[in-house]
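This is data-v5.txt. It holds compact mmCIF, C-alpha atoms.
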```txt
# COMPACT_ATOMS: atom_id res chain seq x y z
CA MET A 1 5.74 8.71 -34.85
CA LYS A 2 6.76 7.35 -31.51
CA LYS A 3 10.27 6.07 -31.44
CA THR A 4 9.45 3.25 -29.02
CA GLN A 5 6.95 1.57 -31.36
CA LEU A 6 9.55 0.98 -34.03
CA LEU A 7 12.10 0.03 -31.43
CA LYS A 8 10.23 -2.66 -29.54
CA GLY A 9 10.26 -5.38 -32.19
CA VAL A 10 13.86 -4.71 -33.04
CA LEU A 11 15.01 -4.75 -29.44
CA GLU A 12 14.29 -8.45 -28.95
CA GLY A 13 16.67 -9.25 -31.80
CA CYS A 14 19.30 -6.90 -30.37
CA VAL A 15 19.11 -8.51 -26.93
CA LEU A 16 19.65 -11.94 -28.49
CA LEU A 17 22.53 -10.64 -30.63
CA ILE A 18 24.28 -9.33 -27.52
CA VAL A 19 23.84 -12.55 -25.60
CA THR A 20 25.04 -14.69 -28.53
CA ASP A 21 28.71 -14.09 -27.79
CA GLU A 22 28.72 -14.58 -24.04
CA GLU A 23 26.44 -15.07 -21.07
CA ILE A 24 25.43 -11.82 -19.49
CA TYR A 25 23.38 -10.44 -16.59
CA GLY A 26 20.69 -7.78 -16.65
CA TYR A 27 22.82 -4.78 -15.76
CA GLU A 28 25.41 -5.65 -18.40
CA MET A 29 22.67 -6.06 -20.99
CA VAL A 30 21.35 -2.53 -20.35
CA TYR A 31 24.93 -1.20 -20.42
CA ARG A 32 25.72 -2.91 -23.74
CA LEU A 33 22.52 -1.69 -25.37
CA ARG A 34 23.29 1.87 -24.30
CA GLN A 35 26.86 1.54 -25.53
CA ALA A 36 25.59 0.28 -28.89
CA GLY A 37 23.76 3.59 -29.30
CA PHE A 38 20.38 2.90 -27.70
CA THR A 39 21.11 5.60 -25.15
CA ASP A 40 17.43 6.10 -24.21
CA ILE A 41 16.97 2.47 -23.19
CA VAL A 42 15.95 1.95 -19.57
CA ALA A 43 16.20 -1.28 -17.62
CA GLY A 44 12.45 -1.26 -17.09
CA THR A 45 12.06 -2.08 -20.79
CA VAL A 46 14.80 -4.70 -20.82
CA TYR A 47 13.68 -6.97 -17.94
CA PRO A 48 10.26 -7.75 -19.45
CA LEU A 49 12.04 -8.55 -22.73
CA LEU A 50 14.48 -10.92 -21.04
CA GLN A 51 11.60 -12.50 -19.14
CA LYS A 52 9.59 -12.95 -22.33
CA LEU A 53 12.51 -14.37 -24.33
CA GLU A 54 13.26 -16.81 -21.53
CA LYS A 55 9.65 -17.97 -21.41
CA GLN A 56 9.61 -18.45 -25.17
CA GLY A 57 12.70 -20.62 -24.91
CA TYR A 58 15.16 -18.30 -26.70
CA LEU A 59 17.11 -17.73 -23.49
CA THR A 60 17.91 -19.77 -20.42
CA SER A 61 19.39 -18.56 -17.18
CA VAL A 62 21.72 -19.82 -14.47
CA ILE A 63 22.38 -18.45 -11.02
CA LYS A 64 26.07 -18.23 -10.23
CA PRO A 65 28.57 -16.06 -8.37
CA SER A 66 29.61 -12.90 -10.21
CA GLN A 67 32.95 -11.10 -10.23
CA GLU A 68 31.62 -8.62 -7.67
CA GLY A 69 30.68 -11.47 -5.34
CA PRO A 70 26.94 -12.02 -4.99
CA ASN A 71 25.04 -14.66 -6.96
CA ARG A 72 23.54 -13.26 -10.12
CA LYS A 73 21.20 -14.44 -12.81
CA TYR A 74 23.18 -14.94 -16.04
CA TYR A 75 21.35 -15.28 -19.35
CA GLN A 76 22.50 -17.71 -22.04
CA ILE A 77 21.21 -18.17 -25.57
CA THR A 78 19.57 -21.46 -26.59
CA ASP A 79 19.71 -23.19 -29.98
CA GLN A 80 16.22 -21.89 -30.60
CA GLY A 81 17.51 -18.42 -29.76
CA ARG A 82 20.36 -18.76 -32.25
CA GLN A 83 17.89 -19.74 -34.96
CA TYR A 84 15.77 -16.71 -34.05
CA CYS A 85 18.88 -14.55 -34.35
CA GLU A 86 19.70 -15.83 -37.82
CA ASP A 87 16.11 -15.24 -38.96
CA PHE A 88 16.22 -11.79 -37.39
CA ILE A 89 19.40 -10.84 -39.26
CA ILE A 90 18.01 -12.01 -42.62
CA GLN A 91 14.71 -10.18 -42.08
CA TRP A 92 16.48 -7.06 -40.85
CA LEU A 93 18.73 -6.93 -43.91
CA GLU A 94 15.73 -7.38 -46.19
CA ILE A 95 13.70 -4.69 -44.47
CA THR A 96 16.55 -2.21 -44.31
CA SER A 97 17.36 -2.71 -47.98
CA HIS A 98 13.71 -2.11 -48.92
CA VAL A 99 13.47 0.93 -46.69
CA ASP A 100 16.81 2.23 -47.99
CA THR A 101 15.58 1.87 -51.55
CA LEU A 102 12.46 3.85 -50.73
CA ILE A 103 14.40 6.54 -48.92
CA ASN A 104 16.88 6.88 -51.78
CA LYS A 105 14.08 6.99 -54.41
CA GLU A 106 12.36 9.78 -52.47
CA ARG A 107 15.64 11.67 -52.30
CA VAL A 108 16.19 11.31 -56.08
CA ASN A 109 12.63 12.52 -56.70
CA ASP A 110 13.19 15.43 -54.34
CA ASP A 111 16.41 16.37 -56.16
CA ARG A 112 14.64 16.28 -59.57
CA SER A 113 11.81 18.58 -58.57
CA MET B 1 12.05 -30.84 -2.94
CA MET B 2 9.23 -28.41 -2.16
CA ILE B 3 10.93 -27.50 1.09
CA GLY B 4 14.17 -26.61 -0.66
CA HIS B 5 12.17 -24.56 -3.13
CA LYS B 6 10.41 -22.70 -0.35
CA ARG B 7 13.53 -22.12 1.61
CA SER B 8 15.16 -20.49 -1.35
CA VAL B 9 12.23 -18.08 -1.71
CA ALA B 10 12.56 -17.21 1.98
CA HIS B 11 16.30 -16.84 1.48
CA MET B 12 15.75 -14.47 -1.44
CA ILE B 13 13.32 -12.35 0.57
CA ASP B 14 15.88 -12.25 3.37
CA GLN B 15 18.65 -11.26 0.99
CA ASN B 16 16.37 -8.62 -0.53
CA ASN B 17 15.68 -7.16 2.95
CA GLN B 18 19.39 -6.95 3.67
CA LEU B 19 20.46 -5.53 0.30
CA ARG B 20 17.75 -2.87 0.38
CA THR B 21 19.50 -1.19 3.31
CA GLN B 22 22.38 -0.30 0.95
CA LEU B 23 20.16 1.86 -1.24
CA THR B 24 20.22 5.64 -0.94
CA LYS B 25 17.07 7.22 0.46
CA GLU B 26 15.76 8.22 -2.96
CA ASN B 27 16.56 4.90 -4.61
CA LYS B 28 15.06 3.02 -1.68
CA LYS B 29 11.74 4.83 -2.12
CA TYR B 30 11.80 4.14 -5.87
CA TYR B 31 12.63 0.46 -5.46
CA GLU B 32 10.29 -0.25 -2.55
CA ASP B 33 7.35 1.27 -4.42
CA LEU B 34 8.19 -1.02 -7.33
CA LEU B 35 8.55 -3.99 -4.99
CA ILE B 36 5.17 -3.50 -3.29
CA TYR B 37 3.51 -2.75 -6.62
CA ILE B 38 4.75 -6.04 -8.10
CA ARG B 39 4.25 -8.18 -4.99
CA THR B 40 0.63 -7.02 -4.65
CA ALA B 41 -0.18 -7.38 -8.36
CA GLY B 42 -2.21 -10.52 -7.64
CA LEU B 43 -2.67 -13.39 -5.21
CA PHE B 44 -2.02 -16.07 -7.79
CA TYR B 45 1.37 -15.05 -9.15
CA ARG B 46 4.10 -17.38 -8.00
CA ASP B 47 6.67 -16.26 -5.41
CA GLU B 48 9.18 -18.57 -7.10
CA GLU B 49 8.96 -16.32 -10.14
CA ILE B 50 8.48 -12.90 -8.52
CA GLU B 51 11.23 -13.01 -5.88
CA PRO B 52 14.15 -13.85 -8.22
CA LEU B 53 13.02 -11.01 -10.48
CA LEU B 54 12.81 -8.52 -7.60
CA LEU B 55 16.21 -9.57 -6.33
CA GLU B 56 17.74 -9.31 -9.80
CA ILE B 57 16.36 -5.79 -10.25
CA LEU B 58 17.58 -4.76 -6.78
CA GLN B 59 21.11 -6.08 -7.41
CA ASP B 60 21.23 -4.22 -10.71
CA ILE B 61 19.93 -0.97 -9.21
CA LEU B 62 22.69 -1.28 -6.58
CA LEU B 63 25.25 -1.66 -9.38
CA ALA B 64 23.78 1.37 -11.14
CA GLN B 65 23.94 3.28 -7.85
CA SER B 66 27.63 2.49 -7.44
CA ASP B 67 28.13 3.70 -11.04
CA GLY B 68 26.53 7.02 -10.11
CA GLN B 69 23.14 6.41 -11.71
CA SER B 70 19.90 6.88 -9.80
CA ALA B 71 17.32 4.11 -9.78
CA GLN B 72 15.16 6.30 -11.98
CA ASP B 73 17.95 6.85 -14.53
CA TYR B 74 18.48 3.12 -14.66
CA TYR B 75 14.97 1.67 -14.51
CA GLY B 76 13.00 4.48 -16.13
CA GLN B 77 10.89 7.59 -15.57
CA ASP B 78 7.62 5.68 -15.56
CA PRO B 79 8.06 2.76 -13.16
CA LYS B 80 4.34 1.94 -13.16
CA ALA B 81 4.21 1.38 -16.92
CA ARG B 82 7.48 -0.62 -16.81
CA ALA B 83 6.22 -2.73 -13.90
CA ASP B 84 2.94 -3.40 -15.72
CA GLU B 85 4.94 -4.73 -18.69
CA LEU B 86 6.86 -6.99 -16.34
CA ILE B 87 3.71 -8.22 -14.56
CA GLN B 88 2.23 -9.16 -17.95
CA THR B 89 5.04 -11.64 -18.49
CA LEU B 90 4.39 -13.46 -15.19
CA GLY B 91 2.71 -16.86 -15.11
CA LYS B 92 -0.04 -17.82 -12.67
CA MET B 93 -0.18 -20.64 -10.13
CA ASP B 94 -1.52 -24.02 -11.16
CA PHE B 95 -4.66 -25.44 -9.52
CA TYR B 96 -2.72 -27.35 -6.86
CA GLN B 97 -0.75 -24.28 -5.74
CA GLY B 98 -3.95 -22.21 -5.72
CA MET B 99 -5.65 -24.75 -3.47
CA LYS B 100 -2.63 -24.77 -1.17
CA LEU B 101 -2.83 -21.00 -0.84
CA PHE B 102 -6.54 -21.18 0.00
CA GLY B 103 -5.80 -24.01 2.44
CA LEU B 104 -3.32 -21.75 4.25
CA ILE B 105 -5.85 -18.91 4.42
CA PHE B 106 -8.47 -21.40 5.65
CA ALA B 107 -6.11 -22.73 8.36
CA ILE B 108 -5.17 -19.29 9.69
CA SER B 109 -8.74 -17.99 9.59
CA SER B 110 -10.07 -21.17 11.25
CA PHE B 111 -7.45 -20.90 13.97
CA PHE B 112 -8.82 -17.53 15.02
CA SER B 113 -12.45 -18.54 14.48
CA ILE B 114 -12.13 -21.64 16.66
CA PHE B 115 -10.13 -19.77 19.25
CA ASN B 116 -12.69 -16.97 19.31
CA GLY B 117 -15.56 -19.41 19.56
CA LEU B 118 -14.09 -21.39 22.44
CA ILE B 119 -12.77 -18.76 24.83
CA ALA B 120 -16.34 -17.66 25.57
CA PRO B 121 -18.20 -19.61 28.27
CA ASN B 122 -20.18 -21.55 25.66
CA THR B 123 -19.03 -24.90 24.30
CA SER B 124 -20.54 -25.03 20.82
CA LEU B 125 -18.82 -24.42 17.53
CA ASN B 126 -20.60 -23.51 14.29
CA LEU B 127 -18.68 -25.09 11.43
CA LEU B 128 -20.54 -23.01 8.86
CA VAL B 129 -19.03 -19.89 10.47
CA LEU B 130 -15.55 -21.36 9.91
CA LEU B 131 -16.26 -21.73 6.20
CA PHE B 132 -17.77 -18.25 5.85
CA ASN B 133 -14.88 -16.71 7.77
CA ALA B 134 -12.34 -18.43 5.50
CA GLY B 135 -14.13 -17.04 2.44
CA LEU B 136 -14.24 -13.57 4.02
CA SER B 137 -10.53 -13.80 4.89
CA ALA B 138 -9.65 -14.62 1.28
CA ILE B 139 -11.66 -11.60 0.09
CA TYR B 140 -10.03 -9.50 2.81
CA VAL B 141 -6.49 -10.46 1.73
CA LYS B 142 -7.35 -9.86 -1.93
CA LEU B 143 -8.77 -6.42 -1.11
CA ILE B 144 -5.69 -5.39 0.87
CA PHE B 145 -3.56 -6.45 -2.10
CA VAL B 146 -5.69 -4.44 -4.52
CA MET B 147 -5.68 -1.36 -2.31
CA LEU B 148 -1.93 -1.44 -1.72
CA HIS B 149 -1.32 -2.06 -5.43
CA ARG B 150 -3.48 0.84 -6.52
CA SER B 151 -2.28 3.29 -3.89
CA ILE B 152 1.44 3.04 -4.77
CA TYR B 153 1.55 5.19 -7.89
CA ARG B 154 -1.48 7.30 -7.14
CA LYS B 155 -0.86 10.52 -5.24
CA SER B 156 -4.14 10.94 -3.38
CA PHE B 157 -5.81 7.61 -2.92
CA GLY B 158 -8.81 8.00 -0.64
CA ARG B 159 -7.41 6.86 2.67
CA ILE B 160 -10.71 7.41 4.40
CA LEU B 161 -12.42 5.24 1.80
CA MET B 162 -9.76 2.60 2.35
CA TRP B 163 -10.37 2.52 6.11
CA LEU B 164 -14.12 2.48 5.62
CA ILE B 165 -13.86 -0.59 3.40
CA LEU B 166 -11.50 -2.35 5.80
CA SER B 167 -13.76 -1.58 8.78
CA ALA B 168 -16.78 -2.84 6.85
CA ILE B 169 -15.00 -6.13 6.28
CA MET B 170 -13.96 -6.39 9.91
CA ALA B 171 -17.58 -5.78 10.88
CA SER B 172 -18.70 -8.46 8.45
CA PHE B 173 -16.73 -11.05 10.45
CA VAL B 174 -18.83 -10.19 13.49
CA PHE B 175 -22.07 -10.29 11.48
CA VAL B 176 -21.17 -13.68 10.06
CA SER B 177 -20.75 -15.18 13.52
CA ILE B 178 -24.06 -13.67 14.70
CA LEU B 179 -26.19 -14.23 11.61
CA THR B 180 -24.99 -17.61 10.35
CA PRO B 181 -27.79 -20.16 10.93
CA PRO B 182 -26.81 -22.88 13.43
CA VAL B 183 -26.72 -25.66 10.85
CA TRP B 184 -23.43 -27.43 11.47
CA VAL B 185 -23.08 -26.81 15.19
CA ILE B 186 -21.06 -29.24 17.25
CA VAL B 187 -21.32 -29.22 21.03
CA LEU B 188 -18.19 -30.07 22.98
CA SER B 189 -17.52 -31.07 26.58
CA ASP B 190 -15.46 -28.75 28.81
CA ARG B 191 -12.58 -31.18 28.75
CA ILE B 192 -12.44 -31.26 24.94
CA VAL B 193 -12.71 -27.46 24.75
CA ILE B 194 -9.72 -27.11 27.12
CA SER B 195 -7.76 -29.67 25.10
CA ILE B 196 -8.46 -27.81 21.85
CA ILE B 197 -7.48 -24.45 23.41
CA VAL B 198 -4.22 -25.91 24.76
CA LEU B 199 -3.54 -27.53 21.37
CA LEU B 200 -4.13 -24.25 19.50
CA MET B 201 -1.90 -22.37 21.97
CA LEU B 202 0.86 -24.92 21.40
CA VAL B 203 0.46 -24.72 17.60
CA ALA B 204 0.59 -20.90 17.66
CA THR B 205 3.64 -20.95 19.95
CA THR B 206 5.51 -23.47 17.81
CA VAL B 207 4.72 -21.69 14.55
CA ILE B 208 5.64 -18.22 15.84
CA LEU B 209 8.81 -19.31 17.64
CA SER B 210 10.03 -21.16 14.56
CA LEU B 211 9.84 -18.00 12.43
CA LYS B 212 12.96 -16.09 11.47
CA SER B 213 13.98 -13.47 14.01
CA GLY B 214 12.58 -10.46 12.12
CA ASN B 215 9.18 -12.04 11.54
CA ARG B 216 9.17 -13.55 15.00
CA ASN B 217 9.46 -10.15 16.68
CA ILE B 218 6.49 -8.88 14.71
CA TRP B 219 4.37 -11.87 15.77
CA LEU B 220 5.41 -12.04 19.44
CA PRO B 221 2.71 -9.59 20.60
CA THR B 222 0.13 -11.79 18.84
CA LEU B 223 1.51 -14.80 20.68
CA PHE B 224 1.08 -12.88 23.91
CA ILE B 225 -2.58 -12.20 23.15
CA VAL B 226 -3.15 -15.84 22.14
CA TRP B 227 -1.75 -16.98 25.49
CA MET B 228 -3.78 -14.49 27.51
CA PHE B 229 -7.06 -15.30 25.79
CA GLY B 230 -6.24 -19.00 25.91
CA LEU B 231 -5.81 -18.69 29.64
CA ILE B 232 -9.13 -16.89 30.00
CA GLY B 233 -10.75 -19.59 27.87
CA ILE B 234 -9.36 -22.34 30.09
CA LEU B 235 -10.58 -20.56 33.24
CA PHE B 236 -14.07 -20.36 31.72
CA HIS B 237 -14.14 -24.11 31.21
CA LEU B 238 -12.44 -25.40 34.37
CA PRO B 239 -15.13 -26.51 36.85
CA ALA B 240 -13.19 -24.93 39.73
CA THR B 241 -13.14 -21.42 38.20
CA ALA B 242 -16.09 -21.40 35.78
CA THR B 243 -18.69 -20.28 38.34
CA TRP B 244 -16.56 -17.41 39.61
CA MET B 245 -15.72 -16.32 36.04
CA THR B 246 -19.41 -15.90 35.18
CA SER B 247 -20.27 -14.10 38.45
CA SER B 248 -20.50 -10.30 38.37
CA GLN B 249 -17.21 -9.98 40.26
CA GLY B 250 -15.52 -12.32 37.76
CA SER B 251 -16.99 -10.40 34.83
CA ILE B 252 -15.59 -7.07 36.07
CA VAL B 253 -12.16 -8.56 36.57
CA MET B 254 -12.39 -10.11 33.11
CA VAL B 255 -13.31 -6.84 31.36
CA LEU B 256 -10.42 -5.06 33.10
CA ALA B 257 -8.05 -7.88 32.24
CA ILE B 258 -9.06 -7.82 28.56
CA ALA B 259 -8.66 -4.03 28.41
CA PHE B 260 -5.22 -4.36 29.97
CA ILE B 261 -4.25 -7.14 27.54
CA TYR B 262 -5.24 -4.99 24.54
CA LEU B 263 -3.29 -2.01 25.87
CA PHE B 264 -0.23 -4.13 26.44
CA PHE B 265 -0.66 -5.74 23.01
CA THR B 266 -0.76 -2.29 21.37
CA PHE B 267 2.33 -1.24 23.30
CA LEU B 268 4.24 -4.40 22.31
CA SER B 269 3.19 -4.09 18.66
CA LEU B 270 4.25 -0.46 18.42
CA ARG B 271 7.57 -1.26 20.05
CA SER B 272 8.36 -4.14 17.72
CA LEU B 273 7.29 -2.10 14.66
CA LYS B 274 9.54 0.75 15.77
CA ARG B 275 12.42 -1.64 16.23
CA GLU B 276 11.84 -3.04 12.72
CA ASN B 277 11.86 0.48 11.29
CA ASN B 278 15.06 1.39 13.08
CA GLN B 279 16.77 -1.68 11.68
CA GLN B 280 15.94 -0.70 8.12
```
Please lay out the structure from this file as structure tokens.
Amino acid sequence: MKKTQLLKGVLEGCVLLIVTDEEIYGYEMVYRLRQAGFTDIVAGTVYPLLQKLEKQGYLTSVIKPSQEGPNRKYYQITDQGRQYCEDFIIQWLEITSHVDTLINKERVNDDRS
Amino acid sequence: MMIGHKRSVAHMIDQNNQLRTQLTKENKKYYEDLLIYIRTAGLFYRDEEIEPLLLEILQDILLAQSDGQSAQDYYGQDPKARADELIQTLGKMDFYQGMKLFGLIFAISSFFSIFNGLIAPNTSLNLLVLLFNAGLSAIYVKLIFVMLHRSIYRKSFGRILMWLILSAIMASFVFVSILTPPVWVIVLSDRIVISIIVLLMLVATTVILSLKSGNRNIWLPTLFIVWMFGLIGILFHLPATATWMTSSQGSIVMVLAIAFIYLFFTFLSLRSLKRENNQQ
């Protein structure tokens, strides 16, 4: 199975989780995702996500000067985005608990045979 | 408000041109391919949406570069697939913006059609040709976009095929002016023809001189050719010179003059292109 297929749906939630705490620009987003363990993530995957989330109203953006000087596009989460995040966390916990149960059952069966 | 909007797009393109010079050779190639690929994705995507994105990506690639990452490490091994994903998220122009774009194409194409029609010794103008030429120009621009877009991430795109298609379209402009039936022909007096030529020369001069310095240098040779042909057009329609211009002596001088103008135009164009390249 391709790793990216599983990843894509999850990544939107992760991007929103990262931006929940503070506003952030594209480069930082890629950096944070890689730091969180998604080491294979490339920016080419992240920009379309940011673009999509902004269009859907989960993110907004402002242009303002950065610490390094030039004006940058900073992403902020919207109320709608926060709601999406909460839903994402609940669904994620549900899914992982189901998948965990299945994985553990398989292991028990494997141990028995 | 529209003006402010436009200016900021021009400002972003300017900023993009400047920042690109800071990229390493390898990163520059990677980013510029991406840039052309996205800019030529379609005629109806909005600059107000594309340019901020391109600038954002460029700024981030520069940050990655200063952190010791190549553009490819940062943006990905398969830029075409990543760019396609990005293009899918873009919105299209609304009807009003689309009409404005076609209006611009119509204006530029008509400028050259009218100019072309009037510098000859005749004094009639076929309006149907103007319409056909505008339609052809739109197709021409679209085709150049498609060809550029497709050639970026393809190793051996048929260059000969590309030139054949472009030449065929250029030829079609000539055929249109010859074959279009004289339905909407207006006949003008010499005085009106001269006024229109002078007006068009003034419009071209104002537009080109008001461009930003980089763009202005690229268009200056065109301005030169507009002035030269305008002058020839005026001589054809001034009673004092018209007879001489159509005599065999006048014709020979004219052919030599036109050949010289084209040579000088080519020289000026090459020089300004070279200068542009050196600046980058």
Dump as a compact mmCIF listing (two decimals) with C-alpha atoms, keeping the file's coordinate frame all residues having an atom at most 10 Å from (4.7, -11.5, -5.6), computed in the file's coordinates with only C-alpha atoms.
```txt
# COMPACT_ATOMS: atom_id res chain seq x y z
CA LEU B 35 8.55 -3.99 -4.99
CA ILE B 36 5.17 -3.50 -3.29
CA TYR B 37 3.51 -2.75 -6.62
CA ILE B 38 4.75 -6.04 -8.10
CA ARG B 39 4.25 -8.18 -4.99
CA THR B 40 0.63 -7.02 -4.65
CA ALA B 41 -0.18 -7.38 -8.36
CA GLY B 42 -2.21 -10.52 -7.64
CA LEU B 43 -2.67 -13.39 -5.21
CA PHE B 44 -2.02 -16.07 -7.79
CA TYR B 45 1.37 -15.05 -9.15
CA ARG B 46 4.10 -17.38 -8.00
CA ASP B 47 6.67 -16.26 -5.41
CA GLU B 48 9.18 -18.57 -7.10
CA GLU B 49 8.96 -16.32 -10.14
CA ILE B 50 8.48 -12.90 -8.52
CA GLU B 51 11.23 -13.01 -5.88
CA LEU B 53 13.02 -11.01 -10.48
CA LEU B 54 12.81 -8.52 -7.60
CA ILE B 87 3.71 -8.22 -14.56
CA LEU B 90 4.39 -13.46 -15.19
```
*Record the distance separating atom CA of Asn133 of chain B and atom CA of Ser177 of chain B, expressed in Å with one decimal.*
8.4 Å
How close does each residue of chain A get to chain B, giving the shortest atom pair and distance in Å to one decimal for every residue with an atom at most 12 Å away, counting only C-alpha atoms, sorted by chain and residue number, as JSON lines?
```
{"residue": "A:Tyr25", "atom": "CA", "partner": "B:Asp60", "partner_atom": "CA", "distance": 8.8}
{"residue": "A:Gly26", "atom": "CA", "partner": "B:Asp60", "partner_atom": "CA", "distance": 6.9}
{"residue": "A:Tyr27", "atom": "CA", "partner": "B:Asp60", "partner_atom": "CA", "distance": 5.3}
{"residue": "A:Glu28", "atom": "CA", "partner": "B:Asp60", "partner_atom": "CA", "distance": 8.9}
{"residue": "A:Met29", "atom": "CA", "partner": "B:Asp60", "partner_atom": "CA", "distance": 10.5}
{"residue": "A:Val30", "atom": "CA", "partner": "B:Tyr74", "partner_atom": "CA", "distance": 8.5}
{"residue": "A:Tyr31", "atom": "CA", "partner": "B:Tyr74", "partner_atom": "CA", "distance": 9.7}
{"residue": "A:Arg34", "atom": "CA", "partner": "B:Tyr74", "partner_atom": "CA", "distance": 10.8}
{"residue": "A:Thr39", "atom": "CA", "partner": "B:Tyr74", "partner_atom": "CA", "distance": 11.1}
{"residue": "A:Asp40", "atom": "CA", "partner": "B:Gly76", "partner_atom": "CA", "distance": 9.4}
{"residue": "A:Ile41", "atom": "CA", "partner": "B:Gly76", "partner_atom": "CA", "distance": 8.3}
{"residue": "A:Val42", "atom": "CA", "partner": "B:Tyr75", "partner_atom": "CA", "distance": 5.2}
{"residue": "A:Ala43", "atom": "CA", "partner": "B:Tyr75", "partner_atom": "CA", "distance": 4.5}
{"residue": "A:Gly44", "atom": "CA", "partner": "B:Tyr75", "partner_atom": "CA", "distance": 4.6}
{"residue": "A:Thr45", "atom": "CA", "partner": "B:Arg82", "partner_atom": "CA", "distance": 6.2}
{"residue": "A:Val46", "atom": "CA", "partner": "B:Tyr75", "partner_atom": "CA", "distance": 9.0}
{"residue": "A:Tyr47", "atom": "CA", "partner": "B:Leu86", "partner_atom": "CA", "distance": 7.0}
{"residue": "A:Pro48", "atom": "CA", "partner": "B:Leu86", "partner_atom": "CA", "distance": 4.7}
{"residue": "A:Leu49", "atom": "CA", "partner": "B:Leu86", "partner_atom": "CA", "distance": 8.4}
{"residue": "A:Leu50", "atom": "CA", "partner": "B:Leu86", "partner_atom": "CA", "distance": 9.8}
{"residue": "A:Gln51", "atom": "CA", "partner": "B:Thr89", "partner_atom": "CA", "distance": 6.6}
{"residue": "A:Lys52", "atom": "CA", "partner": "B:Thr89", "partner_atom": "CA", "distance": 6.1}
{"residue": "A:Leu53", "atom": "CA", "partner": "B:Thr89", "partner_atom": "CA", "distance": 9.9}
{"residue": "A:Glu54", "atom": "CA", "partner": "B:Thr89", "partner_atom": "CA", "distance": 10.2}
{"residue": "A:Lys55", "atom": "CA", "partner": "B:Thr89", "partner_atom": "CA", "distance": 8.4}
{"residue": "A:Gln56", "atom": "CA", "partner": "B:Thr89", "partner_atom": "CA", "distance": 10.6}
{"residue": "A:Ser61", "atom": "CA", "partner": "B:Pro52", "partner_atom": "CA", "distance": 11.4}
{"residue": "A:Val62", "atom": "CA", "partner": "B:Pro52", "partner_atom": "CA", "distance": 11.5}
{"residue": "A:Ile63", "atom": "CA", "partner": "B:Pro52", "partner_atom": "CA", "distance": 9.8}
{"residue": "A:Ser66", "atom": "CA", "partner": "B:Gln59", "partner_atom": "CA", "distance": 11.3}
{"residue": "A:Glu68", "atom": "CA", "partner": "B:Leu63", "partner_atom": "CA", "distance": 9.6}
{"residue": "A:Gly69", "atom": "CA", "partner": "B:Gln59", "partner_atom": "CA", "distance": 11.2}
{"residue": "A:Pro70", "atom": "CA", "partner": "B:Gln59", "partner_atom": "CA", "distance": 8.7}
{"residue": "A:Asn71", "atom": "CA", "partner": "B:Gln59", "partner_atom": "CA", "distance": 9.4}
{"residue": "A:Arg72", "atom": "CA", "partner": "B:Glu56", "partner_atom": "CA", "distance": 7.0}
{"residue": "A:Lys73", "atom": "CA", "partner": "B:Glu56", "partner_atom": "CA", "distance": 6.9}
{"residue": "A:Tyr74", "atom": "CA", "partner": "B:Glu56", "partner_atom": "CA", "distance": 10.0}
{"residue": "A:Tyr75", "atom": "CA", "partner": "B:Glu56", "partner_atom": "CA", "distance": 11.8}
```
Would you write out those residues with C-alpha atoms, as a JSON list (two decimals), keeping the file's coordinate frame?
```json
[["chain", "number", "residue", "atom", "x", "y", "z"],
["A", 25, "TYR", "CA", 23.38, -10.44, -16.59],
["A", 26, "GLY", "CA", 20.69, -7.78, -16.65],
["A", 27, "TYR", "CA", 22.82, -4.78, -15.76],
["A", 28, "GLU", "CA", 25.41, -5.65, -18.40],
["A", 29, "MET", "CA", 22.67, -6.06, -20.99],
["A", 30, "VAL", "CA", 21.35, -2.53, -20.35],
["A", 31, "TYR", "CA", 24.93, -1.20, -20.42],
["A", 34, "ARG", "CA", 23.29, 1.87, -24.30],
["A", 39, "THR", "CA", 21.11, 5.60, -25.15],
["A", 40, "ASP", "CA", 17.43, 6.10, -24.21],
["A", 41, "ILE", "CA", 16.97, 2.47, -23.19],
["A", 42, "VAL", "CA", 15.95, 1.95, -19.57],
["A", 43, "ALA", "CA", 16.20, -1.28, -17.62],
["A", 44, "GLY", "CA", 12.45, -1.26, -17.09],
["A", 45, "THR", "CA", 12.06, -2.08, -20.79],
["A", 46, "VAL", "CA", 14.80, -4.70, -20.82],
["A", 47, "TYR", "CA", 13.68, -6.97, -17.94],
["A", 48, "PRO", "CA", 10.26, -7.75, -19.45],
["A", 49, "LEU", "CA", 12.04, -8.55, -22.73],
["A", 50, "LEU", "CA", 14.48, -10.92, -21.04],
["A", 51, "GLN", "CA", 11.60, -12.50, -19.14],
["A", 52, "LYS", "CA", 9.59, -12.95, -22.33],
["A", 53, "LEU", "CA", 12.51, -14.37, -24.33],
["A", 54, "GLU", "CA", 13.26, -16.81, -21.53],
["A", 55, "LYS", "CA", 9.65, -17.97, -21.41],
["A", 56, "GLN", "CA", 9.61, -18.45, -25.17],
["A", 61, "SER", "CA", 19.39, -18.56, -17.18],
["A", 62, "VAL", "CA", 21.72, -19.82, -14.47],
["A", 63, "ILE", "CA", 22.38, -18.45, -11.02],
["A", 66, "SER", "CA", 29.61, -12.90, -10.21],
["A", 68, "GLU", "CA", 31.62, -8.62, -7.67],
["A", 69, "GLY", "CA", 30.68, -11.47, -5.34],
["A", 70, "PRO", "CA", 26.94, -12.02, -4.99],
["A", 71, "ASN", "CA", 25.04, -14.66, -6.96],
["A", 72, "ARG", "CA", 23.54, -13.26, -10.12],
["A", 73, "LYS", "CA", 21.20, -14.44, -12.81],
["A", 74, "TYR", "CA", 23.18, -14.94, -16.04],
["A", 75, "TYR", "CA", 21.35, -15.28, -19.35]]
```
*How many Å separate atom CA of Arg20 of chain B from atom CA of Arg275 of chain B?*
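Interatomic distance here is 16.8 Å.
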